[in-house]
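So this block is my_file.cif, mmCIF, C-alpha atoms:
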```
data_work
#
loop_
_atom_site.label_atom_id
_atom_site.label_comp_id
_atom_site.auth_asym_id
_atom_site.auth_seq_id
_atom_site.Cartn_x
_atom_site.Cartn_y
_atom_site.Cartn_z
CA MET A 1 19.45 28.83 36.67
CA LYS A 2 20.81 30.59 33.58
CA GLN A 3 21.33 27.24 31.84
CA PHE A 4 17.80 26.18 32.80
CA ASN A 5 16.34 29.37 31.29
CA ILE A 6 18.29 28.79 28.06
CA LEU A 7 17.05 25.22 27.84
CA LEU A 8 13.49 26.38 28.54
CA PHE A 9 13.74 28.98 25.76
CA ILE A 10 15.08 26.44 23.26
CA SER A 11 12.36 23.94 24.18
CA SER A 12 9.66 26.60 23.77
CA LEU A 13 11.07 27.63 20.40
CA LEU A 14 11.14 24.05 19.13
CA PHE A 15 7.58 23.53 20.33
CA CYS A 16 6.41 26.62 18.45
CA LEU A 17 8.14 25.44 15.29
CA MET A 18 6.43 22.07 15.59
CA LEU A 19 3.07 23.77 15.94
CA VAL A 20 3.70 25.76 12.77
CA SER A 21 4.67 22.71 10.74
CA CYS A 22 2.35 20.07 12.19
CA LYS A 23 -0.92 21.93 12.60
CA THR A 24 -3.13 23.28 9.88
CA THR A 25 -2.49 26.78 8.59
CA GLN A 26 -4.18 29.52 10.59
CA LYS A 27 -7.23 31.21 9.12
CA LEU A 28 -6.06 33.66 6.49
CA ALA A 29 -7.18 37.24 7.02
CA GLY A 30 -9.08 38.61 4.03
CA TRP A 31 -9.53 35.18 2.43
CA SER A 32 -12.49 32.80 2.23
CA LEU A 33 -12.04 29.04 2.07
CA VAL A 34 -14.06 28.01 -0.99
CA TRP A 35 -12.94 24.39 -1.43
CA LYS A 36 -11.00 21.77 0.51
CA GLU A 37 -9.94 18.15 0.18
CA ASN A 38 -9.12 16.34 3.43
CA PHE A 39 -8.65 12.85 1.95
CA ASN A 40 -10.91 11.27 4.56
CA GLN A 41 -12.17 8.61 2.16
CA LYS A 42 -11.54 5.08 3.41
CA LYS A 43 -10.78 3.10 0.25
CA SER A 44 -9.93 5.52 -2.55
CA PHE A 45 -9.75 9.21 -3.36
CA ASP A 46 -12.82 11.07 -4.64
CA ALA A 47 -13.02 10.13 -8.34
CA GLN A 48 -15.24 13.14 -9.05
CA ILE A 49 -12.24 15.37 -8.33
CA TRP A 50 -9.12 13.25 -8.89
CA SER A 51 -7.82 10.85 -11.54
CA LYS A 52 -4.68 8.74 -11.64
CA ILE A 53 -2.05 10.28 -13.91
CA PRO A 54 -1.42 8.10 -16.97
CA ARG A 55 2.05 7.16 -18.13
CA GLY A 56 3.81 9.40 -20.61
CA GLY A 57 7.19 9.80 -22.22
CA ALA A 58 8.72 12.59 -20.12
CA ASP A 59 11.09 12.15 -17.18
CA TRP A 60 8.35 13.01 -14.71
CA ASP A 61 5.66 10.58 -15.90
CA ASN A 62 7.47 7.69 -17.56
CA TYR A 63 6.92 5.40 -14.53
CA MET A 64 3.34 6.44 -13.74
CA THR A 65 0.96 3.54 -13.12
CA ASP A 66 -2.55 2.75 -11.95
CA PHE A 67 -1.15 -0.18 -9.92
CA ASP A 68 -2.88 -0.18 -6.52
CA SER A 69 0.37 -0.61 -4.59
CA CYS A 70 1.37 2.95 -5.56
CA TYR A 71 -1.75 4.44 -3.93
CA ALA A 72 -3.29 4.31 -0.46
CA MET A 73 -5.75 6.13 1.76
CA ARG A 74 -4.33 6.02 5.28
CA LYS A 75 -5.39 7.90 8.42
CA GLY A 76 -6.92 10.79 6.50
CA GLU A 77 -4.10 11.06 3.99
CA LEU A 78 -3.52 10.28 0.35
CA VAL A 79 -0.30 8.26 0.06
CA LEU A 80 1.56 8.16 -3.26
CA ARG A 81 4.43 5.70 -3.58
CA GLY A 82 7.48 5.12 -5.72
CA ILE A 83 8.43 1.45 -5.80
CA ALA A 84 10.71 -0.99 -7.62
CA ASN A 85 8.78 -3.10 -10.09
CA HIS A 86 9.03 -6.71 -8.90
CA THR A 87 5.51 -7.94 -9.64
CA GLN A 88 4.10 -6.36 -12.83
CA ILE A 89 5.64 -8.79 -15.31
CA ASN A 90 3.84 -7.26 -18.29
CA ASP A 91 5.28 -3.83 -17.48
CA THR A 92 8.93 -3.38 -18.44
CA ALA A 93 9.42 -0.24 -16.35
CA PRO A 94 12.00 -0.79 -13.58
CA TYR A 95 10.09 1.51 -11.24
CA LEU A 96 6.44 2.43 -10.68
CA THR A 97 5.06 5.70 -9.31
CA GLY A 98 1.69 7.05 -8.25
CA GLY A 99 0.24 10.43 -9.08
CA VAL A 100 -3.14 12.18 -9.23
CA TYR A 101 -4.51 15.25 -10.94
CA THR A 102 -7.74 17.25 -11.24
CA LYS A 103 -7.54 17.58 -15.04
CA GLY A 104 -10.98 18.02 -16.62
CA LYS A 105 -12.64 17.90 -13.19
CA LYS A 106 -11.56 20.89 -11.13
CA ALA A 107 -9.55 23.99 -12.03
CA PHE A 108 -8.28 26.96 -10.04
CA SER A 109 -7.67 30.65 -10.73
CA ASN A 110 -7.62 33.97 -8.86
CA GLY A 111 -6.95 32.51 -5.43
CA ARG A 112 -4.54 30.81 -3.06
CA ILE A 113 -4.01 27.07 -3.18
CA GLU A 114 -2.28 25.30 -0.28
CA ILE A 115 -1.13 21.69 0.06
CA ARG A 116 0.13 20.09 3.28
CA ALA A 117 2.39 17.13 2.65
CA LYS A 118 5.24 15.06 4.02
CA LEU A 119 7.95 14.09 1.55
CA ASP A 120 9.92 10.99 2.44
CA PRO A 121 13.50 11.07 1.09
CA ALA A 122 15.26 8.64 -1.22
CA LYS A 123 18.02 8.87 -3.80
CA GLY A 124 16.26 9.55 -7.08
CA ALA A 125 12.99 10.64 -5.45
CA TRP A 126 11.34 13.66 -7.09
CA PRO A 127 7.94 14.44 -5.52
CA ALA A 128 6.13 17.36 -7.08
CA ILE A 129 3.05 19.55 -6.63
CA TRP A 130 2.29 21.67 -9.66
CA MET A 131 -0.30 23.12 -12.03
CA LEU A 132 -1.02 23.08 -15.75
CA PRO A 133 -3.59 25.01 -17.83
CA GLU A 134 -6.90 23.38 -18.70
CA ASN A 135 -7.16 24.96 -22.13
CA ALA A 136 -3.67 25.39 -23.58
CA GLU A 137 -0.68 23.32 -24.63
CA TRP A 138 2.72 23.33 -22.96
CA PRO A 139 4.72 25.55 -22.80
CA VAL A 140 2.48 28.25 -24.29
CA GLY A 141 -0.13 27.83 -21.55
CA GLY A 142 2.45 27.93 -18.77
CA GLU A 143 3.34 25.72 -15.82
CA ILE A 144 3.30 26.57 -12.10
CA ASP A 145 5.59 24.43 -9.92
CA ILE A 146 4.42 24.85 -6.33
CA MET A 147 6.92 22.31 -4.99
CA GLU A 148 9.66 20.04 -6.30
CA ARG A 149 12.01 18.25 -3.91
CA LEU A 150 15.03 16.17 -4.94
CA ASN A 151 16.62 13.21 -3.19
CA HIS A 152 17.30 14.04 0.50
CA ASP A 153 17.33 17.83 0.05
CA SER A 154 16.31 20.22 2.82
CA ILE A 155 15.06 22.69 0.19
CA ALA A 156 12.20 22.72 -2.29
CA TYR A 157 12.12 24.42 -5.69
CA GLN A 158 9.30 26.69 -6.88
CA THR A 159 9.31 27.69 -10.53
CA VAL A 160 7.25 28.96 -13.46
CA HIS A 161 7.63 27.80 -17.05
CA SER A 162 6.18 29.32 -20.22
CA TYR A 163 6.96 30.06 -23.85
CA TYR A 164 8.75 33.15 -22.50
CA THR A 165 10.99 31.27 -20.04
CA TYR A 166 11.39 27.96 -21.89
CA THR A 167 11.25 28.62 -25.63
CA LEU A 168 12.74 32.13 -25.52
CA GLY A 169 14.93 31.24 -22.52
CA ILE A 170 14.23 34.44 -20.56
CA ARG A 171 14.47 33.27 -16.94
CA ASN A 172 15.82 36.33 -15.12
CA LEU A 173 13.65 39.17 -16.42
CA PRO A 174 11.81 38.63 -14.17
CA LYS A 175 13.31 35.84 -12.05
CA SER A 176 11.34 32.67 -12.84
CA GLY A 177 12.15 30.49 -9.84
CA SER A 178 13.40 30.23 -6.32
CA LYS A 179 13.97 27.72 -3.54
CA GLY A 180 13.14 27.67 0.15
CA MET A 181 13.92 25.67 3.24
CA ILE A 182 11.63 22.80 4.25
CA TYR A 183 11.40 20.50 7.26
CA PRO A 184 12.97 17.43 5.64
CA ASN A 185 11.33 14.91 7.97
CA ARG A 186 8.09 16.67 8.85
CA TYR A 187 5.00 18.05 7.16
CA ASN A 188 5.22 21.27 5.16
CA VAL A 189 2.62 23.58 3.64
CA PHE A 190 3.30 24.71 0.06
CA ALA A 191 1.24 27.50 -1.50
CA VAL A 192 0.83 29.79 -4.46
CA GLU A 193 -1.38 32.86 -4.77
CA MET A 194 -2.69 33.45 -8.28
CA TYR A 195 -3.51 37.03 -9.30
CA PRO A 196 -4.19 38.58 -12.72
CA ASP A 197 -0.80 40.33 -12.58
CA SER A 198 1.40 38.06 -10.44
CA LEU A 199 2.08 34.71 -8.77
CA LEU A 200 3.26 34.65 -5.14
CA PHE A 201 4.92 31.53 -3.74
CA TYR A 202 5.16 30.36 -0.12
CA ILE A 203 6.62 27.54 1.98
CA ASN A 204 5.21 27.24 5.49
CA ASP A 205 3.75 30.74 5.11
CA ILE A 206 7.16 32.23 4.31
CA HIS A 207 7.09 34.18 1.05
CA THR A 208 9.79 32.78 -1.24
CA PHE A 209 9.35 34.81 -4.42
CA THR A 210 6.95 36.65 -6.71
CA TYR A 211 6.63 36.25 -10.46
CA PRO A 212 4.99 39.41 -11.92
CA ARG A 213 3.44 40.30 -15.23
CA ILE A 214 5.72 42.85 -16.91
CA GLN A 215 5.53 45.13 -19.91
CA THR A 216 7.38 43.39 -22.75
CA THR A 217 7.19 42.94 -26.49
CA LYS A 218 8.22 39.29 -26.09
CA LYS A 219 5.60 36.59 -26.48
CA GLY A 220 3.96 34.62 -23.67
CA GLN A 221 5.44 36.21 -20.55
CA PHE A 222 2.40 35.77 -18.27
CA PRO A 223 -0.12 33.13 -19.38
CA TYR A 224 -1.23 32.41 -15.80
CA ASN A 225 -4.50 34.33 -15.62
CA GLU A 226 -6.45 31.25 -16.75
CA PRO A 227 -7.90 28.12 -15.05
CA PHE A 228 -5.18 25.64 -14.02
CA TYR A 229 -5.59 22.09 -12.77
CA LEU A 230 -3.53 20.55 -9.95
CA LEU A 231 -1.09 17.63 -10.16
CA ILE A 232 0.39 15.81 -7.15
CA ASP A 233 2.82 13.03 -7.96
CA MET A 234 5.61 10.86 -6.63
CA GLN A 235 8.29 10.77 -9.31
CA LEU A 236 11.49 8.73 -9.60
CA GLY A 237 14.64 9.34 -11.59
CA GLY A 238 15.38 11.58 -14.55
CA THR A 239 17.94 14.00 -15.91
CA TRP A 240 17.48 16.53 -13.12
CA VAL A 241 17.16 14.35 -10.00
CA GLY A 242 19.60 11.67 -11.15
CA ALA A 243 19.66 7.91 -10.74
CA VAL A 244 17.44 5.96 -8.36
CA ASP A 245 18.87 3.83 -5.56
CA PRO A 246 16.47 0.86 -5.37
CA LYS A 247 17.74 0.05 -1.87
CA GLU A 248 16.01 3.24 -0.64
CA LEU A 249 12.63 2.22 -2.04
CA PRO A 250 9.73 2.23 -1.50
CA VAL A 251 9.41 5.96 -0.92
CA GLU A 252 6.19 7.74 0.00
CA MET A 253 4.60 11.16 -0.42
CA LYS A 254 1.86 11.71 2.17
CA VAL A 255 -0.72 14.40 1.32
CA ASP A 256 -2.76 15.59 4.30
CA TRP A 257 -4.99 18.18 2.63
CA VAL A 258 -5.52 20.66 -0.20
CA ARG A 259 -7.25 24.02 0.31
CA PHE A 260 -8.30 26.75 -2.08
CA TYR A 261 -9.06 30.29 -0.91
CA GLN A 262 -10.29 33.37 -2.71
CA ARG A 263 -10.18 36.99 -1.67
CA LYS A 264 -13.48 37.98 -0.10
CA SER A 265 -13.85 40.81 -2.56
CA ILE A 266 -13.77 38.43 -5.60
CA LYS A 267 -15.43 35.31 -4.16
#
```
Final structure tokens representation of the file:
Amino acid sequence: MKQFNILLFISSLLFCLMLVSCKTTQKLAGWSLVWKENFNQKKSFDAQIWSKIPRGGADWDNYMTDFDSCYAMRKGELVLRGIANHTQINDTAPYLTGGVYTKGKKAFSNGRIEIRAKLDPAKGAWPAIWMLPENAEWPVGGEIDIMERLNHDSIAYQTVHSYYTYTLGIRNLPKSGSKGMIYPNRYNVFAVEMYPDSLLFYINDIHTFTYPRIQTTKKGQFPYNEPFYLLIDMQLGGTWVGAVDPKELPVEMKVDWVRFYQRKSIK
């Protein structure tokens, strides 16, 4: 009987954990849901909100493409893929990746943004959910990394970048990043709360760290009290994540929904 009770307890605990990770986040006390994206479109994402990220020269965007095989709408999800390039003969990139952003279409400030996603693993995979300012250049305008996951890791990184942390190199006064545990093979909810004096980061409703505004004579410590747009992208390879193993491709990032809340007092 004692063994049965232990097994029953473990089963109940696992069931509760699955509910936390697989269901939508509970209604947040003191917050109002002001915008949501459920990706229920059948053929393509809503072009009034999202655009495909164009290719650039940085590690994170040097394989970006508008190739349809890197994008899909499937069962109420946006699917972003990283694939080996076997078919685009006019494109010399060895890999192709899909990514979307709300640049010039929708921006966020003074609120909580949440994204529920499943991150499939692969060597060299670098899925990311992050934010950039609408009206300033990098790094002066800042960068908010809500989630970055590398390879097969069971952790995700959450970080801020700015002139203060990048150009001046001040990353520990205050601490500019942290990491938290994720469910490697299940859905996770990543969030950041944006306030005039701080950023608060969460993974599955567990608070991972806070980045505050501080009193300092140094330039550019807290540029985050401005409108930021959202980027969601499936990235491959680079200095940080390392080399890609093409045998582990294709790899997918499945995005279930995005939600933006504001405090009822400032809605």
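Proximity of A:Leu80, A:Met147, A:Val160, A:Ile155 to A:Ile182, computed with all atoms listed in the file, is greatest for A:Ile155.
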Query raised in the report: Could you pull the residues within 12 Å of A:Thr239, counting all atoms listed in the file, minus those fewer than 6 positions along the same chain, as a PyMOL selection string?
Result: chain A and resi 58-60+124+126+150
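Of the residues listed (A:Arg259, A:His161, A:Arg55, A:Arg171), A:Arg259 shows the shortest atom-to-atom separation from A:Leu230; distances use only C-alpha atoms.
Atom CA of A:Tyr157 to atom CA of A:Asp68 spans 28.8 Å [interatomic distance, one decimal].
Residue nearest A:Gln235, chosen from A:Leu78, A:Ile53, A:Leu28, A:Ala47 and counting only C-alpha atoms: A:Ile53.
Taking all atoms listed in the file into account, A:Pro139 lies nearest to A:Gly169 out of the set A:Pro174, A:Gly169, A:Gly56, A:Pro196.
Within the 8 Å cut-off around A:Phe260, using all atoms listed in the file and omitting residues fewer than 6 positions from it on the same chain, the listed residues are A:Leu33, A:Val34, A:Trp35, A:Lys36, A:Phe108, A:Gly111, A:Arg112, A:Ile113, A:Glu114.
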Provide an axis-aligned box for all listed atoms of stretch 103-118 of chain A, padding each side by 3 Å; report its centre and its edge lengths in Å to one decimal, as AutoDock Vina command-line options.
```
--center_x -3.7 --center_y 24.5 --center_z -6.3 --size_x 23.9 --size_y 24.9 --size_z 26.6
```
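Using only C-alpha atoms for every distance, the candidate list A:Ser69, A:Thr102, A:Asp145, A:Ala128 yields A:Ser69 as the residue closest to A:His86.
Interatomic distance, atom CA of A:Leu231 against atom CA of A:Ile203: 17.5 Å.
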